[in-house]
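S.K.: What follows is a single structure, and I will ask about it in a moment.
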Amino acid sequence: MAVGDVSMPHMHVVQGVKIGSAEAYVRTNVAGVFTQNAFCAAPVHVSKAHLAQANPRYLVINTGNANAGTGKLGMQNAQLTCLKLAELAQVEEFEVLPFSTGVIGEQLPIERLTQGLQPALNSLNDASWTDAATGIMTTDTTPKGASEQFELDGITYTMTGISKGAGMIRPNMATMLSFVATDAPIARNLVQKMLKISADQSFNRITVDGDTSTNDSCIFAATGMAGGVEISSEDDARYTVVLDVLSRVMKRLAQLIIRDGEGATKFITIMVDGGNDTQECCDIAYSIAHSPLVKTAIFASDPNWGRILAAIGYAGVKDLDVEKIQVWLDDVQICKDGGAAEDYTEEAGARVMSQTEMTIHINLGRGQAKDTVYTCDLSYDYVKINADYRS
């Protein structure tokens with residue numbers, strides 16, 4: 001997908017080093033959400049600490065090395081990266097946020113990385129979002145980006161974002177990185193709130209393999225460069241408009257990660273409704289999405305729907321009345337009243353399973369809550385990619 005440019009932040013890649021700059025604009029407000037993995041990477045610790053001090057001026061991203069599980073030296077290297085870039089850009093060290101993605105447990109090649117900072121800094125003015133999306137890829141097969149324009153009070157604004165990730169994907173903000181920016185003016189406290197809401201509807205509703213990365217990070221910047229009065233209250237009618245746009249852009253980015261999942265051949269939407277609360281809907285959806293038996297059956301186009309029922313049953317939701325549960329594959333009902341639907345046929349199930357996109361719909365028959373999770377199948381290539389990851 002071609003990615004539309006926005007004025008800020010600019011990004012470019014040189015020698016595997018990716019830099020983004022939110023520089024020189026006092027109105028730029030930045031927020032972040034990060035992995036919940038207890039073994040989170042050194043750059044996550046540093047980014048959170050720096051973001052708590054001030055709005056950043058630069059983002060620096062390296063690929064091929066996660067700088068996670070690297071102890072005190074890894075923390076020092078993350079801090080040194082910020083210091084070196086700050087010296088070159090003539091900003092404060094805490095105005096730089098570092099990000100890393102790649103192999104866990106190996107130290108950063110810090111000398112080679114810092115040597116690439118000046119060339120990357122020099123290239124900022126010639127960079128595009130596509131350059132940035134390509135530069136942060138690891139096992140991704142394609143750059144991922146989304147952009148949307150919207151109008152507020154006669155002013156046209158743009159929301160653009162990029163993401164990377166194909167494996168070790170079950171964000172819980174929290175290997176996934178995403179950077180989104182708009183030229184609309186938004187107060188900093190609302191930037192953080194909007195990002196959290198949108199992340200919960202997008203990156204926190206996808207899974208490839210159930211593994212939450214040590215490095216998951218998502219940044220949202222509002223530069224205000226297109227002008228207009230700053231949005232400073234949730235009661236402002238413009239707040240809902242911008243939040244809806246942000247949620248759509250982030251959901252598209254999240255779904256692109258699933259479509260490019262390692263070895264993926266099919267895109268699967270798992271929709272659970274009729275629950276008592278969204279938590280139990282998510283628990284059941286993730287139980288299905290993480291089941292190797294369900295995912296391999298879908299890869300094989302085998303309508304072995306009993307595996308779906310088993311995943312519902314062990315999801316840990318209390319007091320389920322299985323006789324009220326209904327299950328569909330797209331428009332084909334496979335389960336009703338605790339057993340096979342009367343008009344279900346293997347041929348109909350196989351037809352849906354053979355599609356490259358499908359929806360598994362479960363109604364729990366016990367409430368009004370609903371939620372949706374996106375995942376992919378599990379193929380031979382997933383095993384090959386991860387078996388050869390460090391080769």
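Chain labels run A, B, ... following the order of the structure tokens; each chain numbers its residues from 1, and ligands are numbered from 1 in the order shown.
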Could you name the residues that touch Gly274 of chain A at 10 Å or less, counting only C-alpha atoms, but leaving out those on the same chain fewer than 5 positions away, as an NGL selection string?
M.R.: :A and (281 or 324-326 or 362-371)
S.K.: Given only C-alpha atoms, how would the per-residue table for segment 191-292 of chain A near segment 149-166 of chain A read, listing every residue at most 9 Å away with its closest atom pair and distance in Å to one decimal, sorted by chain and number, as a tab-separated table?
M.R.:
residue	atom	partner	partner_atom	distance
A:Val208	CA	A:Ala166	CA	7.5
A:Cys218	CA	A:Ser163	CA	8.6
A:Phe220	CA	A:Gly161	CA	8.7
A:Ala226	CA	A:Tyr157	CA	6.6
A:Gly227	CA	A:Ile155	CA	7.9
A:Gly228	CA	A:Ile155	CA	7.5
A:Arg238	CA	A:Leu152	CA	6.7
A:Val241	CA	A:Leu152	CA	8.3
A:Val242	CA	A:Phe150	CA	8.2
A:Val245	CA	A:Met159	CA	7.3
A:Leu246	CA	A:Met159	CA	6.9
A:Val249	CA	A:Gly161	CA	7.1
A:Met250	CA	A:Gly161	CA	7.5
A:Leu253	CA	A:Ser163	CA	6.2
A:Ala254	CA	A:Ser163	CA	7.8
A:Leu256	CA	A:Ser163	CA	8.5
A:Ile257	CA	A:Ala166	CA	5.7
A:Ile258	CA	A:Ala166	CA	6.9
A:Arg259	CA	A:Ala166	CA	8.4
A:Asp260	CA	A:Ala166	CA	5.7
A:Gly261	CA	A:Ala166	CA	4.2
A:Glu262	CA	A:Ala166	CA	5.2
A:Gly263	CA	A:Ala166	CA	8.8
S.K.: Write out, as an mmCIF file, in the first residue's frame, the residues just selected, with N, CA and C atoms.
M.R.:
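Below is the file that was written, selection_16.cif:
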data_model
loop_
_atom_site.group_PDB
_atom_site.id
_atom_site.type_symbol
_atom_site.label_atom_id
_atom_site.label_comp_id
_atom_site.auth_asym_id
_atom_site.auth_seq_id
_atom_site.Cartn_x
_atom_site.Cartn_y
_atom_site.Cartn_z
ATOM 1 N N VAL A 208 -1.360 -13.395 16.109
ATOM 2 C CA VAL A 208 -0.854 -14.353 15.126
ATOM 3 C C VAL A 208 -0.546 -15.673 15.808
ATOM 4 N N CYS A 218 3.625 1.671 20.489
ATOM 5 C CA CYS A 218 2.789 2.428 19.549
ATOM 6 C C CYS A 218 2.813 3.893 19.963
ATOM 7 N N PHE A 220 1.635 7.949 19.038
ATOM 8 C CA PHE A 220 0.700 8.821 18.331
ATOM 9 C C PHE A 220 1.121 10.262 18.560
ATOM 10 N N ALA A 226 -1.568 21.884 10.697
ATOM 11 C CA ALA A 226 -2.580 22.352 9.742
ATOM 12 C C ALA A 226 -3.397 23.507 10.304
ATOM 13 N N GLY A 227 -3.138 23.864 11.558
ATOM 14 C CA GLY A 227 -3.818 25.003 12.154
ATOM 15 C C GLY A 227 -5.145 24.642 12.792
ATOM 16 N N GLY A 228 -5.831 25.660 13.261
ATOM 17 C CA GLY A 228 -7.105 25.455 13.934
ATOM 18 C C GLY A 228 -6.962 25.526 15.441
ATOM 19 N N ARG A 238 -15.391 17.830 17.820
ATOM 20 C CA ARG A 238 -14.301 17.384 16.948
ATOM 21 C C ARG A 238 -13.539 16.200 17.535
ATOM 22 N N VAL A 241 -14.825 12.926 16.195
ATOM 23 C CA VAL A 241 -14.471 12.760 14.781
ATOM 24 C C VAL A 241 -13.038 12.264 14.645
ATOM 25 N N VAL A 242 -12.108 12.921 15.352
ATOM 26 C CA VAL A 242 -10.692 12.535 15.263
ATOM 27 C C VAL A 242 -10.485 11.141 15.848
ATOM 28 N N VAL A 245 -11.456 8.545 13.334
ATOM 29 C CA VAL A 245 -10.458 8.420 12.262
ATOM 30 C C VAL A 245 -9.238 7.658 12.762
ATOM 31 N N LEU A 246 -8.747 8.018 13.944
ATOM 32 C CA LEU A 246 -7.596 7.328 14.518
ATOM 33 C C LEU A 246 -7.877 5.843 14.688
ATOM 34 N N VAL A 249 -7.774 4.103 11.239
ATOM 35 C CA VAL A 249 -6.408 3.969 10.723
ATOM 36 C C VAL A 249 -5.666 2.880 11.480
ATOM 37 N N MET A 250 -5.775 2.871 12.802
ATOM 38 C CA MET A 250 -5.066 1.875 13.588
ATOM 39 C C MET A 250 -5.628 0.471 13.370
ATOM 40 N N LEU A 253 -4.124 -0.761 10.178
ATOM 41 C CA LEU A 253 -2.735 -1.163 10.391
ATOM 42 C C LEU A 253 -2.663 -2.512 11.110
ATOM 43 N N ALA A 254 -3.507 -2.691 12.114
ATOM 44 C CA ALA A 254 -3.515 -3.951 12.865
ATOM 45 C C ALA A 254 -3.903 -5.117 11.962
ATOM 46 N N LEU A 256 -3.525 -5.294 8.752
ATOM 47 C CA LEU A 256 -2.433 -5.549 7.809
ATOM 48 C C LEU A 256 -1.374 -6.457 8.425
ATOM 49 N N ILE A 257 -1.156 -6.326 9.728
ATOM 50 C CA ILE A 257 -0.214 -7.214 10.412
ATOM 51 C C ILE A 257 -0.711 -8.654 10.347
ATOM 52 N N ILE A 258 -1.991 -8.864 10.581
ATOM 53 C CA ILE A 258 -2.550 -10.221 10.513
ATOM 54 C C ILE A 258 -2.483 -10.761 9.093
ATOM 55 N N ARG A 259 -2.801 -9.936 8.121
ATOM 56 C CA ARG A 259 -2.774 -10.395 6.727
ATOM 57 C C ARG A 259 -1.357 -10.769 6.296
ATOM 58 N N ASP A 260 -0.361 -10.169 6.952
ATOM 59 C CA ASP A 260 1.037 -10.467 6.650
ATOM 60 C C ASP A 260 1.646 -11.362 7.727
ATOM 61 N N GLY A 261 0.806 -12.022 8.526
ATOM 62 C CA GLY A 261 1.304 -12.911 9.565
ATOM 63 C C GLY A 261 2.237 -13.959 8.989
ATOM 64 N N GLU A 262 3.224 -14.344 9.752
ATOM 65 C CA GLU A 262 4.232 -15.283 9.262
ATOM 66 C C GLU A 262 3.583 -16.571 8.768
ATOM 67 N N GLY A 263 3.721 -16.820 7.477
ATOM 68 C CA GLY A 263 3.170 -18.019 6.868
ATOM 69 C C GLY A 263 1.671 -17.997 6.655
#
S.K.: In Å, rounded to a single decimal, give me how far atom CA of Asn122 of chain A is from atom CA of Gln79 of chain A.
M.R.: 21.3 Å
S.K.: Restricting the calculation to only C-alpha atoms: of A:Val327, A:Ile298, A:Leu121, A:Ile270, which residue gets closest to Thr375 of chain A?
M.R.: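 The shortest atom-to-atom distance to Thr375 of chain A comes from A:Ile270.
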S.K.: Could you pull the residues within 10 Å of Thr214 of chain A, counting only C-alpha atoms, minus those fewer than 5 positions along the same chain, as JSON, numbers by chain?
M.R.: {"A": [34, 35, 36, 37, 38, 39, 40, 41, 42, 43, 44, 66, 67, 68, 69, 100, 101, 104, 168, 171, 174, 175, 176]}
S.K.: Which residues in segment 23-221 of chain A does DSSP call strand (DSSP E)? List them as a VMD selection string.
M.R.: chain A and resid 29 to 34 58 to 65 96 to 103 144 to 152 155 to 164 177 to 182 217 to 221
S.K.: Quick one: residues within 9 Å of Leu108 of chain A, only C-alpha atoms, excluding same-chain residues fewer than 6 positions away - as a short mmCIF file (atom, residue, chain, number, x, y, z; two decimals) with N, CA, C and O atoms, in the first residue's frame?
M.R.:
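Final file, part_32.cif:
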data_model
loop_
_atom_site.label_atom_id
_atom_site.label_comp_id
_atom_site.auth_asym_id
_atom_site.auth_seq_id
_atom_site.Cartn_x
_atom_site.Cartn_y
_atom_site.Cartn_z
N ASN A 65 17.69 -6.35 15.86
CA ASN A 65 18.14 -6.59 17.24
C ASN A 65 17.15 -5.93 18.19
O ASN A 65 16.92 -4.72 18.11
N ALA A 66 16.56 -6.74 19.08
CA ALA A 66 15.50 -6.23 19.96
C ALA A 66 16.04 -5.49 21.17
O ALA A 66 15.29 -4.78 21.84
N ASN A 67 17.33 -5.66 21.51
CA ASN A 67 17.89 -5.10 22.73
C ASN A 67 17.01 -5.42 23.93
O ASN A 67 16.70 -4.57 24.77
N THR A 70 19.04 -8.02 27.69
CA THR A 70 20.44 -7.60 27.53
C THR A 70 21.02 -6.93 28.77
O THR A 70 22.13 -6.39 28.72
N GLY A 74 22.54 -3.41 27.90
CA GLY A 74 21.49 -3.09 26.94
C GLY A 74 20.83 -1.76 27.26
O GLY A 74 20.55 -0.96 26.36
N ASN A 77 23.21 0.98 26.29
CA ASN A 77 23.24 1.17 24.84
C ASN A 77 22.02 1.94 24.33
O ASN A 77 22.13 2.77 23.42
N ALA A 78 20.85 1.65 24.90
CA ALA A 78 19.65 2.40 24.52
C ALA A 78 19.81 3.87 24.88
O ALA A 78 19.46 4.78 24.10
#
